[in-house]
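Okay, structure first, notes after.
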Number of protein chains: 2
Amino acid sequence: MEYTVRVRMNEKLFLRDPESSDLGRRIVRHSIRLIADIGFEEMTFRKLADRIGTTEASIYRYFENKHRLLIYLVAWYWQWLEYQVLFQTNNLADTREKLERVLRLLLLKDFPESETSMDAIDIRALYSIVIQESSKAYLTHHVTQDNKEQLFKPYKDLCRRIAGIIREYQPNYPYAQSRASSLIETAHYQAFFMKYLPSLTDLGTDSNLPVGNDERLLGFLRHLLFSSLDAENF
Amino acid sequence: MEYTVRVRMNEKLFLRDPESSDLGRRIVRHSIRLIADIGFEEMTFRKLADRIGTTEASIYRYFENKHRLLIYLVAWYWQWLEYQVLFQTNNLADTREKLERVLRLLLLKDFPESETSMDAIDIRALYSIVIQESSKAYLTHHVTQDNKEQLFKPYKDLCRRIAGIIREYQPNYPYAQSRASSLIETAHYQAFFMKYLPSLTDLGTDSNLPVGNDERLLGFLRHLLFSSLDAENF
DNA sequence: TCTCAATTGATAGTATTACTATCTTTATTG
DNA sequence: CAATAAAGATAGTAATACTATCAATTGAGA
């Protein structure tokens, strides 16, 4: 069975819906690759236009500016990830197993490796953008204004869903929201540190160890999460 | 007794040592206030020059560009904070107490409220920069190059010191470095979320609670840290 | 098939940013 | 008092982040 999950985006995130046209989809697909390649600060609408074979002005018809494009991309990722969490934890009886699934999804393990068609979002590239750039979406001086426009709702929804699973596992836990948001951030920060500043972690390339690096990160996150949820008192 | 702690900075961080001249010190002091006021992206050397009463060109004699200035400021903070940790945990017999001091320092509690002279670094403003902007220091595409120039050494040193205290407390703990770096990041992220995206936390302004917000954050961090260090197995 | 409207392309233009260069003035120091 | 270094003044440049305008294309309905 073939199916596609369409992520329905908040209309504030764009001027014209990029999923509604060929050009729009190309802008999104190529911007993901371009940002993953050269970084967000180095990405310009001109470079993106050149790569796509369109013009700056045309891109501006879809996105107000490149910051909004970044918010769009990470919002898409959060919505996609929330759907994966929902789908993969659905009907699981064991709440610990649900949390395990969440941990693996946060590291982009076990996700449906669907079509590698040119028209598909490159999830791995998007994941690397999320790691390196996503916090720039809200670490701005206009975060309050952006928040009023609901631009961060997908991120909040994901946190809320994970917090819900946390509460299923441990109904008395008083920090479910903070635990969820710090889990997500820690997963991404440690992944970044492992790659670029490994001395900030203990998860580096100990190639004589029997497990891969992301298994070690998974182990660390599992330890952090369950030690806090299973603590005697909070 | 009056004393001043001089933070000795890596020479790669500047072109001319800003602590060596009046203009240099004004650049540093005012840039802290300006960035805290309007945000890092909105700060330009022109605006800074206007505020100081100097010229763009003069500022460029001290700092290669504004990214280097940011790295300088946060590096200064990490060095200052490491000194505070060193000083406040020195000669403490109880290693749990040492960690408590670290937690409080990470939230900028109990630091020496020295001179409020015009010539002093505004630590509270710098702390707000650290919360909002510090990750931009390394979330770049040239992080590897910057790292080679040792620009992040102060951050690593702080992490290593905290990791050392963690190992004093729990010698078998296998994730001391990752625990330290994630502790620092979590402290700052949760502080940011509390201020701007409070629904991502459980630490919001429940004004009917007997403790202030940062006491709640402290409680969360304490819980996270000690539940992981006191876990049965790792 | 024609027409209207929407989309895209092509081109140009502007204010600002992130610098670099040069030359003069001022301050310091031996 | 001379020499030198720091700072000021001024100018200039390439790139960025847009905005504006108009023409060409397309496609959907009458």
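So you can find residues: chains in the structure tokens are A, B, ... in the order shown, residues in each start at 1, and ligands are numbered from 1 in order.
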
Please, can I see chain B fitted onto chain A by all in-order Cα atoms (least squares), as a compact mmCIF listing (two decimals) with C-alpha atoms, in the first residue's frame?
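Full text of out_19.txt as output:
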# COMPACT_ATOMS: atom_id res chain seq x y z
CA MET B 1 -0.01 0.00 -0.01
CA GLU B 2 1.32 3.40 -0.93
CA TYR B 3 0.25 6.40 1.05
CA THR B 4 1.48 9.90 1.60
CA VAL B 5 0.98 11.97 4.66
CA ARG B 6 0.22 15.55 3.78
CA VAL B 7 1.30 17.95 6.46
CA ARG B 8 -1.18 20.82 6.75
CA MET B 9 0.69 24.02 7.51
CA ASN B 10 -0.36 27.18 9.30
CA GLU B 11 -1.14 29.83 6.68
CA LYS B 12 0.82 32.45 8.54
CA LEU B 13 3.98 30.62 7.60
CA PHE B 14 3.87 31.56 3.94
CA LEU B 15 2.48 34.14 1.55
CA ARG B 16 1.44 31.58 -1.04
CA ASP B 17 1.16 27.92 -0.14
CA PRO B 18 4.31 26.31 -1.53
CA GLU B 19 2.65 22.90 -1.70
CA SER B 20 0.11 24.29 -4.16
CA SER B 21 2.46 24.62 -7.11
CA ASP B 22 5.44 23.05 -8.74
CA LEU B 23 7.61 26.09 -8.12
CA GLY B 24 6.56 26.20 -4.49
CA ARG B 25 7.49 22.58 -3.94
CA ARG B 26 10.83 23.10 -5.65
CA ILE B 27 11.54 26.06 -3.39
CA VAL B 28 10.91 23.95 -0.32
CA ARG B 29 12.80 20.87 -1.53
CA HIS B 30 15.80 22.76 -2.77
CA SER B 31 15.97 25.11 0.18
CA ILE B 32 16.32 22.09 2.43
CA ARG B 33 19.27 20.81 0.44
CA LEU B 34 20.82 24.24 0.10
CA ILE B 35 20.59 25.11 3.79
CA ALA B 36 21.89 21.69 4.76
CA ASP B 37 24.79 22.25 2.34
CA ILE B 38 25.93 25.76 3.09
CA GLY B 39 24.16 26.72 6.32
CA PHE B 40 21.29 29.07 7.02
CA GLU B 41 23.24 32.33 7.30
CA GLU B 42 25.01 31.66 4.01
CA MET B 43 21.79 30.79 2.21
CA THR B 44 20.26 33.65 0.26
CA PHE B 45 17.17 33.76 -1.89
CA ARG B 46 19.42 34.64 -4.81
CA LYS B 47 21.48 31.48 -4.45
CA LEU B 48 18.33 29.46 -3.98
CA ALA B 49 16.75 31.03 -7.05
CA ASP B 50 19.84 30.29 -9.13
CA ARG B 51 19.83 26.68 -8.01
CA ILE B 52 16.16 26.26 -8.85
CA GLY B 53 16.32 28.25 -12.05
CA THR B 54 13.91 30.93 -10.96
CA THR B 55 14.24 34.45 -9.63
CA GLU B 56 14.51 36.04 -6.21
CA ALA B 57 11.23 37.85 -6.78
CA SER B 58 9.41 34.59 -7.39
CA ILE B 59 10.61 33.14 -4.12
CA TYR B 60 9.46 36.25 -2.29
CA ARG B 61 6.00 35.52 -3.59
CA TYR B 62 5.98 32.40 -1.43
CA PHE B 63 7.95 33.41 1.63
CA GLU B 64 8.13 36.81 3.24
CA ASN B 65 11.81 36.34 4.06
CA LYS B 66 14.32 33.65 4.78
CA HIS B 67 13.56 33.52 8.46
CA ARG B 68 9.97 32.62 7.69
CA LEU B 69 11.21 29.95 5.34
CA LEU B 70 13.30 28.47 8.14
CA ILE B 71 10.33 28.51 10.48
CA TYR B 72 8.28 26.83 7.77
CA LEU B 73 10.84 24.06 7.31
CA VAL B 74 11.26 23.26 10.97
CA ALA B 75 7.51 23.53 11.57
CA TRP B 76 7.06 21.01 8.80
CA TYR B 77 9.54 18.73 10.55
CA TRP B 78 7.82 19.03 13.93
CA GLN B 79 4.47 18.20 12.38
CA TRP B 80 5.93 15.27 10.50
CA LEU B 81 7.62 14.03 13.65
CA GLU B 82 4.49 14.41 15.74
CA TYR B 83 2.64 12.32 13.21
CA GLN B 84 5.32 9.65 13.40
CA VAL B 85 5.09 9.64 17.17
CA LEU B 86 1.33 9.40 17.03
CA PHE B 87 1.43 6.61 14.48
CA GLN B 88 4.18 4.56 16.07
CA THR B 89 2.90 4.77 19.63
CA ASN B 90 -0.70 4.16 18.68
CA ASN B 91 -2.19 1.05 20.29
CA LEU B 92 0.96 0.25 22.20
CA ALA B 93 -0.02 -1.06 25.60
CA ASP B 94 3.37 -0.61 27.22
CA THR B 95 3.95 3.06 27.99
CA ARG B 96 7.66 2.49 28.46
CA GLU B 97 7.76 1.13 24.97
CA LYS B 98 6.03 4.28 23.76
CA LEU B 99 8.80 6.37 25.25
CA GLU B 100 11.39 4.12 23.66
CA ARG B 101 9.79 4.78 20.30
CA VAL B 102 9.86 8.49 20.96
CA LEU B 103 13.55 8.36 21.76
CA ARG B 104 14.33 6.50 18.58
CA LEU B 105 12.24 8.88 16.50
CA LEU B 106 14.01 11.88 17.99
CA LEU B 107 17.23 10.46 16.57
CA LEU B 108 15.52 9.75 13.27
CA LYS B 109 15.77 6.03 13.66
CA ASP B 110 13.04 3.70 12.32
CA PHE B 111 11.16 6.17 10.22
CA PRO B 112 9.41 5.12 7.04
CA GLU B 113 12.10 5.27 4.36
CA SER B 114 9.49 6.01 1.71
CA GLU B 115 10.15 7.22 -1.79
CA THR B 116 13.48 8.77 -2.61
CA SER B 117 11.78 10.53 -5.47
CA MET B 118 12.92 14.00 -6.44
CA ASP B 119 9.61 15.30 -5.21
CA ALA B 120 9.92 13.99 -1.67
CA ILE B 121 11.18 16.04 1.24
CA ASP B 122 14.70 14.95 2.12
CA ILE B 123 14.10 14.06 5.75
CA ARG B 124 17.72 13.42 6.58
CA ALA B 125 18.77 16.80 5.22
CA LEU B 126 15.89 18.39 7.09
CA TYR B 127 16.96 16.61 10.27
CA SER B 128 20.44 18.09 9.94
CA ILE B 129 18.85 21.53 9.53
CA VAL B 130 16.79 20.93 12.64
CA ILE B 131 19.93 20.08 14.57
CA GLN B 132 21.99 23.02 13.36
CA GLU B 133 19.46 25.74 12.70
CA SER B 134 16.13 25.10 14.35
CA SER B 135 16.79 27.03 17.51
CA LYS B 136 17.42 30.12 15.38
CA ALA B 137 13.74 29.97 14.53
CA TYR B 138 12.85 31.23 18.00
CA LEU B 139 16.11 32.70 19.33
CA THR B 140 15.22 36.10 17.96
CA HIS B 141 14.15 39.41 19.34
CA HIS B 142 10.75 39.04 17.69
CA VAL B 143 9.96 35.66 19.24
CA THR B 144 6.98 37.08 21.11
CA GLN B 145 5.44 38.48 17.94
CA ASP B 146 6.11 35.26 16.02
CA ASN B 147 4.63 33.29 18.87
CA LYS B 148 1.47 35.34 18.74
CA GLU B 149 1.12 34.34 15.11
CA GLN B 150 1.23 30.71 16.24
CA LEU B 151 4.38 30.01 14.27
CA PHE B 152 5.71 27.68 16.96
CA LYS B 153 2.53 25.73 17.42
CA PRO B 154 3.89 22.57 15.74
CA TYR B 155 6.80 22.49 18.16
CA LYS B 156 4.47 23.02 21.09
CA ASP B 157 2.15 20.32 19.81
CA LEU B 158 5.00 17.85 19.60
CA CYS B 159 6.12 18.75 23.10
CA ARG B 160 2.60 18.39 24.39
CA ARG B 161 2.22 14.99 22.78
CA ILE B 162 5.46 13.73 24.28
CA ALA B 163 4.51 15.26 27.61
CA GLY B 164 1.25 13.33 27.37
CA ILE B 165 3.12 10.07 26.94
CA ILE B 166 5.35 10.99 29.86
CA ARG B 167 2.26 11.48 32.02
CA GLU B 168 0.85 8.17 30.86
CA TYR B 169 4.05 6.55 32.03
CA GLN B 170 4.30 8.48 35.27
CA PRO B 171 1.05 10.26 36.17
CA ASN B 172 2.56 12.03 39.16
CA TYR B 173 5.41 13.56 37.26
CA PRO B 174 5.24 17.31 37.81
CA TYR B 175 7.54 18.44 34.98
CA ALA B 176 6.11 16.70 31.92
CA GLN B 177 6.30 19.73 29.62
CA SER B 178 9.75 20.78 30.66
CA ARG B 179 10.90 17.19 30.49
CA ALA B 180 9.60 16.88 26.95
CA SER B 181 11.12 20.12 25.68
CA SER B 182 14.45 19.47 27.34
CA LEU B 183 14.48 15.95 25.94
CA ILE B 184 14.07 17.24 22.40
CA GLU B 185 16.66 19.95 22.84
CA THR B 186 19.14 17.64 24.50
CA ALA B 187 18.77 15.10 21.70
CA HIS B 188 19.65 17.72 19.14
CA TYR B 189 22.37 19.48 21.07
CA GLN B 190 24.18 16.32 21.95
CA ALA B 191 23.97 15.21 18.32
CA PHE B 192 25.49 18.52 17.28
CA PHE B 193 28.22 18.30 19.88
CA MET B 194 29.05 14.73 18.93
CA LYS B 195 29.57 15.83 15.38
CA TYR B 196 31.41 19.11 15.84
CA LEU B 197 32.52 19.51 19.46
CA PRO B 198 32.87 15.94 20.63
CA SER B 199 34.85 16.78 23.74
CA LEU B 200 31.64 18.20 25.17
CA THR B 201 30.21 14.68 25.22
CA ASP B 202 31.16 11.19 26.25
CA LEU B 203 29.52 9.83 23.17
CA GLY B 204 32.33 10.29 20.71
CA THR B 205 33.84 8.02 18.19
CA ASP B 206 35.11 5.31 20.47
CA SER B 207 35.37 3.02 17.53
CA ASN B 208 36.45 0.14 19.74
CA LEU B 209 33.08 0.09 21.38
CA PRO B 210 30.50 -2.42 20.27
CA VAL B 211 27.80 0.17 19.60
CA GLY B 212 27.59 3.00 17.11
CA ASN B 213 27.57 6.61 18.13
CA ASP B 214 23.89 7.16 17.86
CA GLU B 215 23.31 4.05 19.94
CA ARG B 216 25.42 5.71 22.62
CA LEU B 217 23.41 8.88 22.34
CA LEU B 218 20.26 6.82 22.55
CA GLY B 219 21.62 5.19 25.68
CA PHE B 220 22.37 8.55 27.25
CA LEU B 221 18.93 9.93 26.47
CA ARG B 222 17.25 6.77 27.73
CA HIS B 223 19.23 7.00 30.95
CA LEU B 224 18.39 10.68 31.42
CA LEU B 225 14.73 10.24 30.68
CA PHE B 226 13.98 7.17 32.74
CA SER B 227 16.15 8.10 35.67
CA SER B 228 14.12 11.27 36.03
CA LEU B 229 10.75 9.60 35.50
CA ASP B 230 11.56 6.67 37.79
CA ALA B 231 12.99 8.79 40.56
CA GLU B 232 11.69 8.16 44.07
CA ASN B 233 10.39 11.67 44.52
CA PHE B 234 10.29 14.72 42.36

Using only C-alpha atoms (C1' of nucleotides), what does the table of chain D residues within 8 Å of segment 6-20 of chain C look like, with each row giving the shortest atom pair and its distance in Å to one decimal, sorted by chain and ascending number, as a Markdown table?
| residue | atom | partner | partner_atom | distance |
| --- | --- | --- | --- | --- |
| D:DT16 | C1' | C:DT17 | C1' | 7.3 |
| D:DA24 | C1' | C:DG9 | C1' | 7.5 |
| D:DT25 | C1' | C:DT8 | C1' | 7.7 |
| D:DT26 | C1' | C:DT7 | C1' | 7.9 |

(message) Just the number, please: distance in Å from atom C1' of DT4 of chain D to atom C1' of DT22 of chain C, one decimal.
(response)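 Interatomic distance, atom C1' of DT4 of chain D to atom C1' of DT22 of chain C: 17.9 Å.
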
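Straight-line separation from atom C1' of DC4 of chain C to atom C1' of DT19 of chain D: 26.5 Å.
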
Listing only residues of chain D within 12 Å of chain A, what is the closest atom pair and its distance in Å (to one decimal) for each, using only C-alpha atoms (C1' of nucleotides), sorted by chain and residue number ascending, as JSON lines?
{"residue": "D:DA15", "atom": "C1'", "partner": "A:Thr44", "partner_atom": "CA", "distance": 10.4}
{"residue": "D:DT16", "atom": "C1'", "partner": "A:Thr44", "partner_atom": "CA", "distance": 8.0}
{"residue": "D:DA17", "atom": "C1'", "partner": "A:Asn65", "partner_atom": "CA", "distance": 8.2}
{"residue": "D:DC18", "atom": "C1'", "partner": "A:Asn65", "partner_atom": "CA", "distance": 8.5}
{"residue": "D:DT19", "atom": "C1'", "partner": "A:Ala57", "partner_atom": "CA", "distance": 9.1}
{"residue": "D:DA20", "atom": "C1'", "partner": "A:Ala57", "partner_atom": "CA", "distance": 10.2}
{"residue": "D:DT21", "atom": "C1'", "partner": "A:Ala57", "partner_atom": "CA", "distance": 11.8}

(message) Taking only segment 77-126 of chain B into account, list the residues labelled helix (DSSP H, G or I) by DSSP (computed from the backbone), as a ChimeraX atom specification.
(response) /B:77-89,95-106,123-126

Write out the residues from the selection above, keeping C-alpha atoms, as an mmCIF file, in the first residue's frame.
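The file below, again-v6.cif, is the result:
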data_model
loop_
_atom_site.group_PDB
_atom_site.id
_atom_site.type_symbol
_atom_site.label_atom_id
_atom_site.label_comp_id
_atom_site.auth_asym_id
_atom_site.auth_seq_id
_atom_site.Cartn_x
_atom_site.Cartn_y
_atom_site.Cartn_z
ATOM 1 C CA TYR B 77 31.033 34.805 30.461
ATOM 2 C CA TRP B 78 32.111 31.156 30.485
ATOM 3 C CA GLN B 79 35.482 32.085 31.943
ATOM 4 C CA TRP B 80 33.876 34.292 34.547
ATOM 5 C CA LEU B 81 31.418 31.554 35.430
ATOM 6 C CA GLU B 82 34.110 28.910 35.650
ATOM 7 C CA TYR B 83 35.978 31.119 38.063
ATOM 8 C CA GLN B 84 32.852 31.519 40.172
ATOM 9 C CA VAL B 85 32.368 27.766 40.215
ATOM 10 C CA LEU B 86 35.975 27.219 41.164
ATOM 11 C CA PHE B 87 35.835 29.830 43.895
ATOM 12 C CA GLN B 88 32.497 28.846 45.371
ATOM 13 C CA THR B 89 33.107 25.110 45.401
ATOM 14 C CA THR B 95 30.197 17.146 46.849
ATOM 15 C CA ARG B 96 26.431 17.381 46.696
ATOM 16 C CA GLU B 97 26.728 20.879 48.027
ATOM 17 C CA LYS B 98 29.221 21.640 45.272
ATOM 18 C CA LEU B 99 26.666 20.620 42.679
ATOM 19 C CA GLU B 100 24.040 22.738 44.397
ATOM 20 C CA ARG B 101 26.334 25.725 44.075
ATOM 21 C CA VAL B 102 26.849 24.966 40.414
ATOM 22 C CA LEU B 103 23.109 24.869 39.831
ATOM 23 C CA ARG B 104 22.603 28.197 41.523
ATOM 24 C CA LEU B 105 25.453 29.774 39.595
ATOM 25 C CA LEU B 106 24.037 28.539 36.302
ATOM 26 C CA ILE B 123 26.660 40.512 34.189
ATOM 27 C CA ARG B 124 22.894 40.382 34.121
ATOM 28 C CA ALA B 125 22.774 41.804 30.609
ATOM 29 C CA LEU B 126 25.496 39.386 29.591
#
